[in-house]
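S.K.: Sharing run-v3.cif here; it has mmCIF, C-alpha atoms and all ligand atoms.
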data_protein
loop_
_atom_site.label_atom_id
_atom_site.label_comp_id
_atom_site.auth_asym_id
_atom_site.auth_seq_id
_atom_site.Cartn_x
_atom_site.Cartn_y
_atom_site.Cartn_z
CA MET A 1112 -8.43 121.97 -51.52
CA LEU A 1113 -9.47 122.18 -47.89
CA ASN A 1114 -11.82 124.52 -46.04
CA ARG A 1115 -10.12 126.66 -43.41
CA ILE A 1116 -11.56 128.64 -40.52
CA ILE A 1117 -10.28 132.17 -41.21
CA GLY A 1118 -12.22 133.98 -38.46
CA THR A 1119 -13.89 133.19 -35.14
CA GLY A 1120 -16.22 135.19 -32.92
CA SER A 1121 -18.41 134.84 -29.88
CA ALA A 1122 -21.11 136.56 -27.86
CA LEU A 1123 -22.35 136.15 -24.31
CA PRO A 1124 -25.28 137.96 -22.67
CA ALA A 1125 -24.20 140.56 -20.10
CA ARG A 1126 -26.17 138.99 -17.24
CA VAL A 1127 -24.13 136.47 -15.22
CA LEU A 1128 -25.98 134.01 -12.97
CA SER A 1129 -23.74 132.53 -10.27
CA ASN A 1130 -24.20 129.20 -8.49
CA ALA A 1131 -24.76 131.12 -5.24
CA GLU A 1132 -27.66 133.07 -6.78
CA LEU A 1133 -29.18 129.85 -8.11
CA ALA A 1134 -28.88 128.29 -4.66
CA SER A 1135 -31.09 131.09 -3.32
CA ARG A 1136 -33.85 130.01 -5.76
CA VAL A 1137 -33.77 126.17 -5.84
CA ALA A 1138 -32.55 123.47 -3.43
CA THR A 1139 -28.94 123.31 -4.64
CA SER A 1140 -25.53 124.58 -3.57
CA ASP A 1141 -22.40 126.02 -5.13
CA GLU A 1142 -20.55 122.99 -3.74
CA TRP A 1143 -22.89 120.43 -5.45
CA ILE A 1144 -22.85 122.20 -8.82
CA THR A 1145 -19.08 122.75 -8.80
CA THR A 1146 -18.09 119.23 -7.77
CA ARG A 1147 -20.66 117.40 -9.97
CA THR A 1148 -20.33 119.58 -13.10
CA GLY A 1149 -17.43 122.07 -12.85
CA ILE A 1150 -19.88 124.91 -13.61
CA ARG A 1151 -19.43 128.13 -11.54
CA GLN A 1152 -21.61 130.55 -13.49
CA ARG A 1153 -23.58 130.92 -16.71
CA HIS A 1154 -24.76 133.85 -18.86
CA ILE A 1155 -28.51 134.47 -19.26
CA ALA A 1156 -30.05 136.38 -22.17
CA ALA A 1157 -32.14 139.50 -21.47
CA ALA A 1158 -35.87 139.27 -22.23
CA GLU A 1159 -35.49 141.12 -25.54
CA GLU A 1160 -32.27 139.29 -26.55
CA SER A 1161 -32.85 136.51 -29.12
CA THR A 1162 -30.71 133.72 -30.58
CA SER A 1163 -30.24 135.74 -33.77
CA ASP A 1164 -29.07 138.78 -31.74
CA LEU A 1165 -26.34 136.72 -30.06
CA ALA A 1166 -25.49 135.07 -33.40
CA LEU A 1167 -25.21 138.51 -35.05
CA ARG A 1168 -22.65 139.72 -32.49
CA ALA A 1169 -20.59 136.53 -32.86
CA CYS A 1170 -20.72 136.73 -36.67
CA ARG A 1171 -19.60 140.37 -36.77
CA GLN A 1172 -16.51 139.43 -34.72
CA ALA A 1173 -15.77 136.41 -36.91
CA LEU A 1174 -16.16 138.45 -40.12
CA GLU A 1175 -13.85 141.15 -38.74
CA MET A 1176 -11.14 138.60 -37.92
CA ALA A 1177 -11.59 137.03 -41.37
CA GLY A 1178 -11.41 140.40 -43.13
CA LYS A 1179 -14.67 139.60 -44.92
CA THR A 1180 -17.99 141.44 -45.29
CA PRO A 1181 -21.50 139.90 -45.12
CA GLN A 1182 -21.64 140.28 -48.94
CA ASP A 1183 -18.74 137.80 -49.26
CA ILE A 1184 -20.79 135.06 -47.56
CA ASP A 1185 -22.75 132.65 -49.76
CA LEU A 1186 -23.83 130.17 -47.06
CA ILE A 1187 -25.09 130.71 -43.49
CA ILE A 1188 -25.83 127.73 -41.25
CA VAL A 1189 -27.11 128.30 -37.71
CA ALA A 1190 -27.04 125.36 -35.33
CA THR A 1191 -29.69 125.94 -32.68
CA SER A 1192 -32.41 124.20 -30.68
CA THR A 1193 -33.78 127.54 -29.48
CA PRO A 1194 -34.65 129.33 -32.74
CA ASP A 1195 -36.18 132.81 -32.71
CA MET A 1196 -39.46 131.40 -34.07
CA VAL A 1197 -40.94 128.23 -35.59
CA PHE A 1198 -40.13 129.64 -39.04
CA PRO A 1199 -38.43 131.26 -40.87
CA SER A 1200 -35.07 129.87 -39.82
CA THR A 1201 -32.84 131.82 -37.46
CA ALA A 1202 -30.25 131.72 -40.29
CA CYS A 1203 -32.59 133.76 -42.54
CA ILE A 1204 -33.24 136.25 -39.74
CA LEU A 1205 -29.49 136.48 -39.11
CA GLN A 1206 -28.79 136.97 -42.83
CA ASP A 1207 -31.15 139.96 -42.89
CA LYS A 1208 -29.69 141.44 -39.66
CA LEU A 1209 -26.19 141.10 -41.17
CA GLY A 1210 -27.36 142.96 -44.28
CA ALA A 1211 -26.55 140.05 -46.60
CA LYS A 1212 -28.74 138.69 -49.43
CA GLY A 1213 -28.93 135.85 -51.90
CA GLY A 1214 -26.79 133.08 -50.40
CA ALA A 1215 -28.26 129.91 -48.88
CA ALA A 1216 -29.31 130.14 -45.22
CA PHE A 1217 -30.80 127.42 -43.02
CA ASP A 1218 -30.79 126.02 -39.47
CA VAL A 1219 -29.47 122.69 -38.27
CA GLN A 1220 -31.15 120.91 -35.37
CA ALA A 1221 -28.74 118.49 -33.69
CA VAL A 1222 -28.91 119.99 -30.17
CA CYS A 1223 -25.45 120.04 -28.50
CA SER A 1224 -23.81 118.40 -31.57
CA GLY A 1225 -25.31 121.14 -33.76
CA PHE A 1226 -22.11 123.09 -34.42
CA VAL A 1227 -20.16 119.97 -35.39
CA TYR A 1228 -23.03 118.93 -37.69
CA ALA A 1229 -23.19 122.42 -39.24
CA LEU A 1230 -19.43 122.47 -39.88
CA GLY A 1231 -19.67 119.02 -41.49
CA ILE A 1232 -22.47 120.17 -43.81
CA ALA A 1233 -20.69 123.44 -44.72
CA ASP A 1234 -17.46 121.54 -45.42
CA ALA A 1235 -19.30 119.11 -47.73
CA MET A 1236 -21.10 121.94 -49.60
CA MET A 1237 -17.83 123.81 -50.06
CA ARG A 1238 -16.09 120.65 -51.33
CA ALA A 1239 -18.90 120.30 -53.86
CA GLY A 1240 -17.74 123.64 -55.22
CA THR A 1241 -20.89 125.73 -54.93
CA VAL A 1242 -19.86 127.79 -51.87
CA ARG A 1243 -16.77 130.00 -51.48
CA HIS A 1244 -17.31 131.52 -48.02
CA ALA A 1245 -19.55 130.16 -45.26
CA LEU A 1246 -20.63 131.45 -41.86
CA VAL A 1247 -21.23 128.60 -39.43
CA VAL A 1248 -22.84 129.53 -36.14
CA GLY A 1249 -23.89 127.82 -32.88
CA ALA A 1250 -26.31 130.03 -30.94
CA GLU A 1251 -28.71 129.32 -28.10
CA VAL A 1252 -30.98 130.83 -25.47
CA PHE A 1253 -31.46 127.61 -23.49
CA SER A 1254 -32.58 129.64 -20.47
CA ARG A 1255 -35.99 129.95 -22.23
CA ILE A 1256 -36.60 126.18 -22.26
CA LEU A 1257 -35.51 125.44 -18.67
CA ASP A 1258 -37.85 124.66 -15.81
CA TRP A 1259 -36.31 126.95 -13.18
CA ASN A 1260 -37.84 124.80 -10.44
CA ASP A 1261 -36.05 121.63 -11.65
CA ARG A 1262 -32.67 121.63 -9.94
CA GLY A 1263 -31.60 118.60 -12.00
CA THR A 1264 -31.50 120.67 -15.21
CA CYS A 1265 -31.69 124.42 -14.50
CA VAL A 1266 -28.20 124.57 -12.96
CA LEU A 1267 -26.55 123.10 -16.05
CA PHE A 1268 -27.29 125.37 -19.00
CA GLY A 1269 -26.50 128.89 -20.22
CA ASP A 1270 -26.92 131.18 -23.24
CA GLY A 1271 -24.41 132.34 -25.87
CA ALA A 1272 -23.22 132.15 -29.46
CA GLY A 1273 -20.06 131.34 -31.40
CA ALA A 1274 -19.35 131.70 -35.11
CA VAL A 1275 -16.69 130.88 -37.68
CA VAL A 1276 -15.99 131.98 -41.26
CA LEU A 1277 -14.82 129.24 -43.66
CA ALA A 1278 -12.84 129.82 -46.86
CA ARG A 1279 -11.08 127.57 -49.40
CA ASP A 1280 -7.39 126.89 -48.67
CA ALA A 1281 -4.77 124.79 -50.46
CA GLU A 1282 -2.86 123.57 -47.38
CA ARG A 1283 -4.74 123.88 -44.10
CA GLY A 1284 -8.28 123.38 -42.86
CA ILE A 1285 -10.85 120.70 -42.06
CA LEU A 1286 -9.26 117.25 -42.50
CA SER A 1287 -12.35 115.15 -41.77
CA THR A 1288 -15.84 115.21 -40.30
CA HIS A 1289 -17.72 112.26 -38.79
CA LEU A 1290 -21.40 112.64 -37.89
CA HIS A 1291 -23.62 110.07 -36.17
CA ALA A 1292 -27.06 109.66 -34.63
CA ASP A 1293 -29.09 107.02 -32.80
CA GLY A 1294 -32.70 108.10 -32.45
CA SER A 1295 -33.56 105.18 -30.17
CA HIS A 1296 -32.11 107.26 -27.30
CA ARG A 1297 -34.30 110.28 -28.06
CA ASP A 1298 -36.21 110.14 -24.76
CA ILE A 1299 -33.26 110.61 -22.35
CA LEU A 1300 -32.69 114.21 -23.43
CA CYS A 1301 -35.56 116.09 -25.01
CA VAL A 1302 -38.01 118.98 -24.98
CA PRO A 1303 -41.14 116.98 -25.86
CA GLY A 1304 -43.61 119.86 -26.21
CA GLN A 1305 -45.07 121.07 -29.50
CA ILE A 1306 -47.30 123.87 -30.68
CA ASP A 1307 -50.75 122.54 -31.53
CA SER A 1308 -53.65 124.73 -32.64
CA GLY A 1309 -52.44 127.75 -30.68
CA ALA A 1310 -51.47 125.91 -27.49
CA VAL A 1311 -48.38 124.09 -26.22
CA ARG A 1312 -49.02 120.34 -26.08
CA GLY A 1313 -46.56 118.42 -23.85
CA SER A 1314 -43.79 119.88 -21.69
CA PRO A 1315 -41.92 122.84 -23.21
CA PHE A 1316 -38.98 122.28 -20.82
CA VAL A 1317 -35.71 120.33 -21.02
CA HIS A 1318 -36.13 116.79 -19.74
CA MET A 1319 -32.92 114.88 -19.03
CA GLU A 1320 -31.99 111.55 -17.51
CA GLY A 1321 -28.59 112.77 -16.32
CA ASN A 1322 -26.89 109.46 -15.59
CA ALA A 1323 -27.87 107.85 -18.91
CA VAL A 1324 -26.76 110.95 -20.81
CA PHE A 1325 -23.48 111.04 -18.89
CA LYS A 1326 -22.57 107.43 -19.75
CA PHE A 1327 -23.55 107.79 -23.40
CA ALA A 1328 -21.54 111.04 -23.76
CA VAL A 1329 -18.34 109.58 -22.29
CA ARG A 1330 -18.52 106.56 -24.61
CA VAL A 1331 -19.23 108.29 -27.92
CA LEU A 1332 -17.00 111.38 -27.51
CA ALA A 1333 -13.86 109.23 -27.22
CA GLU A 1334 -15.11 106.82 -29.94
CA VAL A 1335 -15.73 109.56 -32.50
CA ALA A 1336 -12.35 111.18 -31.80
CA GLU A 1337 -10.67 107.78 -32.33
CA GLU A 1338 -12.64 107.36 -35.56
CA ALA A 1339 -11.24 110.70 -36.83
CA LEU A 1340 -7.68 109.72 -35.89
CA ARG A 1341 -8.03 106.37 -37.69
CA ALA A 1342 -9.44 108.04 -40.81
CA ASN A 1343 -6.42 110.36 -40.92
CA ASP A 1344 -3.93 107.67 -39.91
CA LEU A 1345 -2.86 109.68 -36.87
CA PRO A 1346 -1.93 108.61 -33.30
CA GLN A 1347 -3.65 110.02 -30.19
CA ALA A 1348 -0.57 112.19 -29.54
CA ALA A 1349 -1.27 114.06 -32.81
CA ILE A 1350 -4.09 116.03 -31.14
CA ASP A 1351 -2.71 119.44 -30.10
CA TRP A 1352 -6.06 120.72 -28.79
CA LEU A 1353 -9.23 118.88 -27.85
CA ILE A 1354 -12.25 121.18 -27.91
CA PRO A 1355 -15.15 119.09 -26.59
CA HIS A 1356 -18.77 120.05 -26.01
CA GLN A 1357 -18.82 121.73 -22.60
CA ALA A 1358 -21.52 119.91 -20.61
CA ASN A 1359 -19.71 118.64 -17.54
CA ILE A 1360 -16.03 118.71 -16.49
CA ARG A 1361 -16.27 115.04 -15.46
CA ILE A 1362 -17.42 114.00 -18.97
CA ILE A 1363 -14.55 116.01 -20.48
CA GLU A 1364 -11.96 114.54 -18.07
CA ALA A 1365 -13.15 110.99 -18.77
CA THR A 1366 -12.94 111.63 -22.54
CA ALA A 1367 -9.42 113.08 -22.28
CA LYS A 1368 -8.34 110.10 -20.19
CA LYS A 1369 -9.60 107.63 -22.80
CA LEU A 1370 -7.68 109.56 -25.46
CA GLU A 1371 -4.57 109.65 -23.20
CA LEU A 1372 -4.56 113.43 -23.52
CA PRO A 1373 -3.32 115.65 -20.64
CA MET A 1374 -5.91 118.22 -19.48
CA ASN A 1375 -3.57 121.10 -20.43
CA ARG A 1376 -4.36 120.24 -24.08
CA VAL A 1377 -8.12 120.47 -23.52
CA VAL A 1378 -9.92 123.82 -23.92
CA LEU A 1379 -12.34 124.41 -21.03
CA THR A 1380 -15.07 127.03 -20.73
CA VAL A 1381 -17.63 124.99 -18.78
CA ALA A 1382 -16.85 126.81 -15.50
CA GLN A 1383 -17.71 130.23 -16.97
CA HIS A 1384 -20.41 129.38 -19.54
CA GLY A 1385 -22.12 126.20 -18.33
CA ASN A 1386 -23.61 124.07 -21.10
CA THR A 1387 -24.57 126.41 -23.97
CA SER A 1388 -25.58 123.50 -26.25
CA ALA A 1389 -24.69 124.20 -29.90
CA ALA A 1390 -22.78 127.35 -28.88
CA SER A 1391 -20.34 125.66 -26.50
CA ILE A 1392 -17.72 124.41 -29.01
CA PRO A 1393 -17.46 127.63 -31.08
CA LEU A 1394 -17.36 129.71 -27.85
CA ALA A 1395 -14.44 127.59 -26.58
CA LEU A 1396 -12.72 127.65 -29.99
CA ASP A 1397 -12.95 131.46 -30.17
CA GLN A 1398 -11.44 131.80 -26.70
CA ALA A 1399 -8.51 129.50 -27.52
CA VAL A 1400 -7.87 131.24 -30.86
CA ARG A 1401 -8.01 134.76 -29.41
CA ASP A 1402 -5.75 133.98 -26.43
CA GLY A 1403 -3.15 132.47 -28.78
CA ARG A 1404 -3.33 128.84 -27.64
CA VAL A 1405 -4.32 127.53 -31.07
CA GLN A 1406 -1.44 128.13 -33.51
CA PRO A 1407 -1.11 127.62 -37.29
CA GLY A 1408 -0.25 124.03 -38.23
CA GLN A 1409 -1.67 122.52 -35.01
CA ARG A 1410 -4.33 119.81 -35.04
CA VAL A 1411 -7.60 120.74 -33.34
CA MET A 1412 -10.18 118.05 -32.58
CA LEU A 1413 -13.78 119.22 -32.03
CA VAL A 1414 -16.11 116.62 -30.51
CA GLY A 1415 -19.80 117.08 -29.76
CA VAL A 1416 -22.64 115.02 -28.32
CA GLY A 1417 -26.27 115.90 -27.68
CA GLY A 1418 -29.93 115.09 -27.83
CA GLY A 1419 -31.17 112.80 -30.56
CA PHE A 1420 -28.83 111.21 -29.69
CA THR A 1421 -26.33 112.84 -32.02
CA TRP A 1422 -22.55 112.97 -31.92
CA GLY A 1423 -19.68 113.88 -34.18
CA SER A 1424 -16.14 115.15 -34.65
CA VAL A 1425 -14.32 117.65 -36.84
CA LEU A 1426 -10.55 117.36 -37.12
CA ILE A 1427 -8.83 120.54 -38.29
CA LYS A 1428 -5.28 121.37 -39.31
CA TRP A 1429 -5.23 124.98 -38.10
O1 LIG A 1501 -25.23 118.50 -23.46
C1 LIG A 1501 -25.42 117.13 -23.28
C2 LIG A 1501 -26.43 116.99 -22.26
N1 LIG A 1501 -26.11 117.02 -20.89
C3 LIG A 1501 -25.12 116.37 -20.25
O2 LIG A 1501 -24.17 115.91 -20.84
C4 LIG A 1501 -25.24 116.18 -18.79
C5 LIG A 1501 -24.95 114.75 -18.42
N2 LIG A 1501 -25.21 114.43 -17.03
C6 LIG A 1501 -24.57 115.02 -16.01
O3 LIG A 1501 -23.77 115.92 -16.20
C7 LIG A 1501 -24.82 114.51 -14.61
O4 LIG A 1501 -25.54 113.29 -14.68
C8 LIG A 1501 -25.60 115.50 -13.71
C9 LIG A 1501 -24.70 116.69 -13.41
C10 LIG A 1501 -26.85 115.97 -14.42
C11 LIG A 1501 -25.99 114.84 -12.41
O5 LIG A 1501 -24.83 114.36 -11.75
P1 LIG A 1501 -24.82 112.91 -11.08
O6 LIG A 1501 -23.54 112.76 -10.39
O7 LIG A 1501 -25.17 111.95 -12.19
O8 LIG A 1501 -25.97 113.01 -10.01
P2 LIG A 1501 -27.33 112.19 -9.90
O9 LIG A 1501 -28.23 112.53 -11.04
O10 LIG A 1501 -26.99 110.76 -9.72
O11 LIG A 1501 -27.93 112.78 -8.58
C12 LIG A 1501 -27.29 112.62 -7.35
C13 LIG A 1501 -28.12 113.34 -6.31
C14 LIG A 1501 -29.61 113.01 -6.33
O12 LIG A 1501 -30.06 112.91 -5.00
P3 LIG A 1501 -30.30 111.48 -4.31
O13 LIG A 1501 -31.31 110.80 -5.19
O14 LIG A 1501 -28.94 110.81 -4.34
O15 LIG A 1501 -30.78 111.86 -2.96
C15 LIG A 1501 -30.21 114.23 -6.98
O16 LIG A 1501 -31.54 114.46 -6.56
O17 LIG A 1501 -28.00 114.75 -6.47
C16 LIG A 1501 -29.32 115.33 -6.47
N3 LIG A 1501 -29.31 116.51 -7.31
C17 LIG A 1501 -28.95 117.72 -6.84
N4 LIG A 1501 -28.55 118.14 -5.63
C18 LIG A 1501 -28.23 119.43 -5.49
C19 LIG A 1501 -29.60 116.62 -8.63
N5 LIG A 1501 -29.43 117.90 -9.03
C20 LIG A 1501 -29.03 118.60 -7.94
C21 LIG A 1501 -28.68 119.94 -7.73
N6 LIG A 1501 -28.29 120.32 -6.49
N7 LIG A 1501 -28.71 120.87 -8.72
#
Rewrite the coordinates I just gave you, this time as structure tokens.
M.R.:
Amino acid sequence: MLNRIIGTGSALPARVLSNAELASRVATSDEWITTRTGIRQRHIAAAEESTSDLALRACRQALEMAGKTPQDIDLIIVATSTPDMVFPSTACILQDKLGAKGGAAFDVQAVCSGFVYALGIADAMMRAGTVRHALVVGAEVFSRILDWNDRGTCVLFGDGAGAVVLARDAERGILSTHLHADGSHRDILCVPGQIDSGAVRGSPFVHMEGNAVFKFAVRVLAEVAEEALRANDLPQAAIDWLIPHQANIRIIEATAKKLELPMNRVVLTVAQHGNTSAASIPLALDQAVRDGRVQPGQRVMLVGVGGGFTWGSVLIKW
């Protein structure tokens, strides 16, 4: 038995922040952001809009497509680095907002690889036989942890959520998952601050050494896709759709080149969404499913990389 994605959904805040508007606030330009990253705009959550609110909207869409109700779900995993609160988990808050009860619910913290990690964990739990239907979500409000005076980071990120419903299937579904981490690189992408006795100790903003992150991402995204192909005894040409983490068009192009994959087989949302961290892969997947690009029987390769450093792939027979 395999575990198949039977529904997808997504949610974006209404507020769109263009490169031009950003350029009126910090020393940047539409030209710099577009040529260096491919990003043209990003969505920014309203003050009262939380990660669980975005996750809820995405989950309702995914459940509708799947033809399932919240009561059918016995596992909820939310991948996020911007949880609603320190605890309880955003997954528990989401479970309550969905009107579900009783199933397992927890968050996964693997930054931009979070959705790939969460899918890997859900797949393993379902293979163990204890879970019949799972909701796997990537949801973020990264705008809350950005220093809006730091042009090196504030132009890159956005808010959003994507969700999938998983069910058992005899023929199609997740073929393999490969998850990795190397904590020795933890300092090149981090939010070092912590809550200590009622105060924030250390910076509560995203710190990134862009060049180091760029090089690392290009290397491991291609490597982990190759690892998945080897494990399934498939050639590079077997990938119908590559759905990579959407951080920077140049990282995605370099990855596709290494995999000898034409760009018309790569799903891109980076121009419209920016980097939405754990939400970026499920947002892109939902778009490609809803517009009919992803078809039954095709092979879809999800690859993620993020702070930790963490990286991973999920290969799916759709
Ligand atoms: O989700 C995973 C995490 N994130 C990523 O994967 C992002 C990985 N890194 C990147 O995407 C790229 O490294 C960046 C887009 C962050 C930066 O692009 P780059 O081509 O590596 O530029 P750079 O950092 O080498 O900076 C080039 C110049 C610098 O000026 P000087 O020192 O050459 O005078 C920066 O100060 O561009 C300057 N710069 C900017 N200029 C205008 C940096 N940010 C901006 C900006 N607008 N927003």
S.K.: Got a sec to check which residues lie within 8 Å of ligand LIG 1501 (chain A), using all atoms listed in the file, and send them as a PyMOL selection string?
M.R.: chain A and resi 1137-1140+1143-1144+1147-1148+1222-1223+1261-1267+1300+1319-1326+1328+1356-1359+1361-1362+1386-1388+1416-1418
S.K.: By how many Å are CA of Ala1281 (chain A) and CA of Ala1239 (chain A) apart?
M.R.: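 A separation of 15.2 Å between them.
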S.K.: What is the CA of Ala1292 (chain A) to CA of Val1311 (chain A) distance in Å?
M.R.: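 Calculated distance between CA of Ala1292 (chain A) and CA of Val1311 (chain A) is 27.1 Å.
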S.K.: Restricting the calculation to all atoms listed in the file: of A:Gln1305, A:Ser1295, A:Thr1241, A:Thr1145, which residue gets closest to Asp1185 (chain A)?
M.R.: A:Thr1241
S.K.: Can you measure CA of Ala1157 (chain A) to CA of Ser1129 (chain A) for me? One decimal in Å is fine.
M.R.: 15.6 Å
S.K.: Given the choices A:Ala1215, A:Glu1338, A:Leu1230, A:Gly1149, which gets closest to Glu1364 (chain A) if the distance is worked out from all atoms listed in the file?
M.R.: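 The shortest atom-to-atom distance to Glu1364 (chain A) comes from A:Gly1149.
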S.K.: Nearest to Met1236 (chain A): which of A:Ile1188, A:Ala1211, A:Val1252, A:Ala1390 is it, counting all atoms listed in the file?
M.R.: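 Going through A:Ile1188, A:Ala1211, A:Val1252, A:Ala1390 one by one, the smallest distance to Met1236 (chain A) is for A:Ile1188.
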S.K.: Of the candidates A:Ala1173, A:Pro1303, A:Ala1342, A:Arg1312, which shows the shortest atom-to-atom distance to Asp1397 (chain A), using all atoms listed in the file?
M.R.: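 Closest candidate: A:Ala1173.
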S.K.: Excluding Leu1257 (chain A) and its own-chain neighbours fewer than 5 positions away, which residues fall within 9 Å of it when counting all atoms listed in the file? Please give them as a short mmCIF file (atom, residue, chain, number, x, y, z; two decimals) with C-alpha atoms, in the coordinates of the input.
M.R.:
data_model
loop_
_atom_site.label_atom_id
_atom_site.label_comp_id
_atom_site.auth_asym_id
_atom_site.auth_seq_id
_atom_site.Cartn_x
_atom_site.Cartn_y
_atom_site.Cartn_z
CA THR A 1264 -31.50 120.67 -15.21
CA CYS A 1265 -31.69 124.42 -14.50
CA PHE A 1268 -27.29 125.37 -19.00
CA PRO A 1315 -41.92 122.84 -23.21
CA PHE A 1316 -38.98 122.28 -20.82
CA VAL A 1317 -35.71 120.33 -21.02
CA HIS A 1318 -36.13 116.79 -19.74
#
S.K.: List the residues sitting within 7 Å of (-15.9, 124.1, -19.2) in the file's frame, using all atoms listed in the file, as a ChimeraX atom specification.
M.R.: /A:1149-1150,1357,1359-1360,1379-1385
S.K.: What lies within 10 Å of Ile1184 (chain A) using all atoms listed in the file, ignoring chain neighbours under 6 positions off, as a tab-separated table (two decimals) with C-alpha atoms, in the coordinates of the input?
M.R.:
chain	number	residue	atom	x	y	z
A	1174	LEU	CA	-16.16	138.45	-40.12
A	1206	GLN	CA	-28.79	136.97	-42.83
A	1211	ALA	CA	-26.55	140.05	-46.60
A	1212	LYS	CA	-28.74	138.69	-49.43
A	1213	GLY	CA	-28.93	135.85	-51.90
A	1214	GLY	CA	-26.79	133.08	-50.40
A	1215	ALA	CA	-28.26	129.91	-48.88
A	1242	VAL	CA	-19.86	127.79	-51.87
A	1243	ARG	CA	-16.77	130.00	-51.48
A	1244	HIS	CA	-17.31	131.52	-48.02
A	1245	ALA	CA	-19.55	130.16	-45.26
A	1246	LEU	CA	-20.63	131.45	-41.86
A	1276	VAL	CA	-15.99	131.98	-41.26
A	1277	LEU	CA	-14.82	129.24	-43.66
A	1278	ALA	CA	-12.84	129.82	-46.86
S.K.: Within 10 Å of Ile1285 (chain A), counting only C-alpha atoms, which residues show up once you throw out same-chain ones fewer than 6 positions away? Write them as a list in words, please.
M.R.: Met1112, Leu1113, Asn1114, Arg1115, Ile1116, Leu1230, Gly1231, Asp1234, Leu1277, Arg1410, Val1411, Met1412, Val1425, Leu1426, Ile1427, Lys1428 and Trp1429 of chain A
S.K.: Once you have the residues from the selection above, write them out as a CSV table (one decimal), keeping the file's coordinate frame, restricted to C-alpha atoms.
M.R.:
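result-v6.csv written:
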chain,number,residue,atom,x,y,z
A,1112,MET,CA,-8.4,122.0,-51.5
A,1113,LEU,CA,-9.5,122.2,-47.9
A,1114,ASN,CA,-11.8,124.5,-46.0
A,1115,ARG,CA,-10.1,126.7,-43.4
A,1116,ILE,CA,-11.6,128.6,-40.5
A,1230,LEU,CA,-19.4,122.5,-39.9
A,1231,GLY,CA,-19.7,119.0,-41.5
A,1234,ASP,CA,-17.5,121.5,-45.4
A,1277,LEU,CA,-14.8,129.2,-43.7
A,1410,ARG,CA,-4.3,119.8,-35.0
A,1411,VAL,CA,-7.6,120.7,-33.3
A,1412,MET,CA,-10.2,118.0,-32.6
A,1425,VAL,CA,-14.3,117.6,-36.8
A,1426,LEU,CA,-10.6,117.4,-37.1
A,1427,ILE,CA,-8.8,120.5,-38.3
A,1428,LYS,CA,-5.3,121.4,-39.3
A,1429,TRP,CA,-5.2,125.0,-38.1
S.K.: Taking all atoms listed in the file into account, which of A:Ile1299, A:Val1189, A:Val1275, A:Val1378 comes nearest Gly1120 (chain A)?
M.R.: A:Val1275
S.K.: Residues within 10 Å of Glu1251 (chain A), please, as a JSON list (two decimals) with C-alpha atoms, in the coordinates of the input. Count all atoms listed in the file; anything in the same chain fewer than 2 positions from it doesn't count.
M.R.:
[["chain", "number", "residue", "atom", "x", "y", "z"],
["A", 1156, "ALA", "CA", -30.05, 136.38, -22.17],
["A", 1161, "SER", "CA", -32.85, 136.51, -29.12],
["A", 1162, "THR", "CA", -30.71, 133.72, -30.58],
["A", 1163, "SER", "CA", -30.24, 135.74, -33.77],
["A", 1165, "LEU", "CA", -26.34, 136.72, -30.06],
["A", 1166, "ALA", "CA", -25.49, 135.07, -33.40],
["A", 1189, "VAL", "CA", -27.11, 128.30, -37.71],
["A", 1190, "ALA", "CA", -27.04, 125.36, -35.33],
["A", 1191, "THR", "CA", -29.69, 125.94, -32.68],
["A", 1192, "SER", "CA", -32.41, 124.20, -30.68],
["A", 1193, "THR", "CA", -33.78, 127.54, -29.48],
["A", 1194, "PRO", "CA", -34.65, 129.33, -32.74],
["A", 1195, "ASP", "CA", -36.18, 132.81, -32.71],
["A", 1222, "VAL", "CA", -28.91, 119.99, -30.17],
["A", 1223, "CYS", "CA", -25.45, 120.04, -28.50],
["A", 1248, "VAL", "CA", -22.84, 129.53, -36.14],
["A", 1249, "GLY", "CA", -23.89, 127.82, -32.88],
["A", 1253, "PHE", "CA", -31.46, 127.61, -23.49],
["A", 1254, "SER", "CA", -32.58, 129.64, -20.47],
["A", 1255, "ARG", "CA", -35.99, 129.95, -22.23],
["A", 1269, "GLY", "CA", -26.50, 128.89, -20.22],
["A", 1270, "ASP", "CA", -26.92, 131.18, -23.24],
["A", 1271, "GLY", "CA", -24.41, 132.34, -25.87],
["A", 1272, "ALA", "CA", -23.22, 132.15, -29.46],
["A", 1273, "GLY", "CA", -20.06, 131.34, -31.40],
["A", 1387, "THR", "CA", -24.57, 126.41, -23.97],
["A", 1388, "SER", "CA", -25.58, 123.50, -26.25],
["A", 1389, "ALA", "CA", -24.69, 124.20, -29.90],
["A", 1390, "ALA", "CA", -22.78, 127.35, -28.88],
["A", 1391, "SER", "CA", -20.34, 125.66, -26.50]]
S.K.: Find the residues near Pro1355 (chain A): any atom within 6 Å, counting all atoms listed in the file, skip ones fewer than 2 places away on the same chain, and give them as a PDB file with C-alpha atoms, in the coordinates of the input.
M.R.:
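As a result, out37.pdb now contains:
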ATOM      1  CA  LEU A1413     -13.780 119.220 -32.030  1.00  0.00           C
ATOM      2  CA  VAL A1414     -16.110 116.620 -30.510  1.00  0.00           C
ATOM      3  CA  GLY A1415     -19.800 117.080 -29.760  1.00  0.00           C
TER       4      GLY A1415
END
S.K.: Between A:Thr1180, A:Ser1424, A:Ser1308, A:Ser1224, which one has atoms that come closest to Leu1340 (chain A), using all atoms listed in the file?
M.R.: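 Smallest separation from Leu1340 (chain A) among the options: A:Ser1424.
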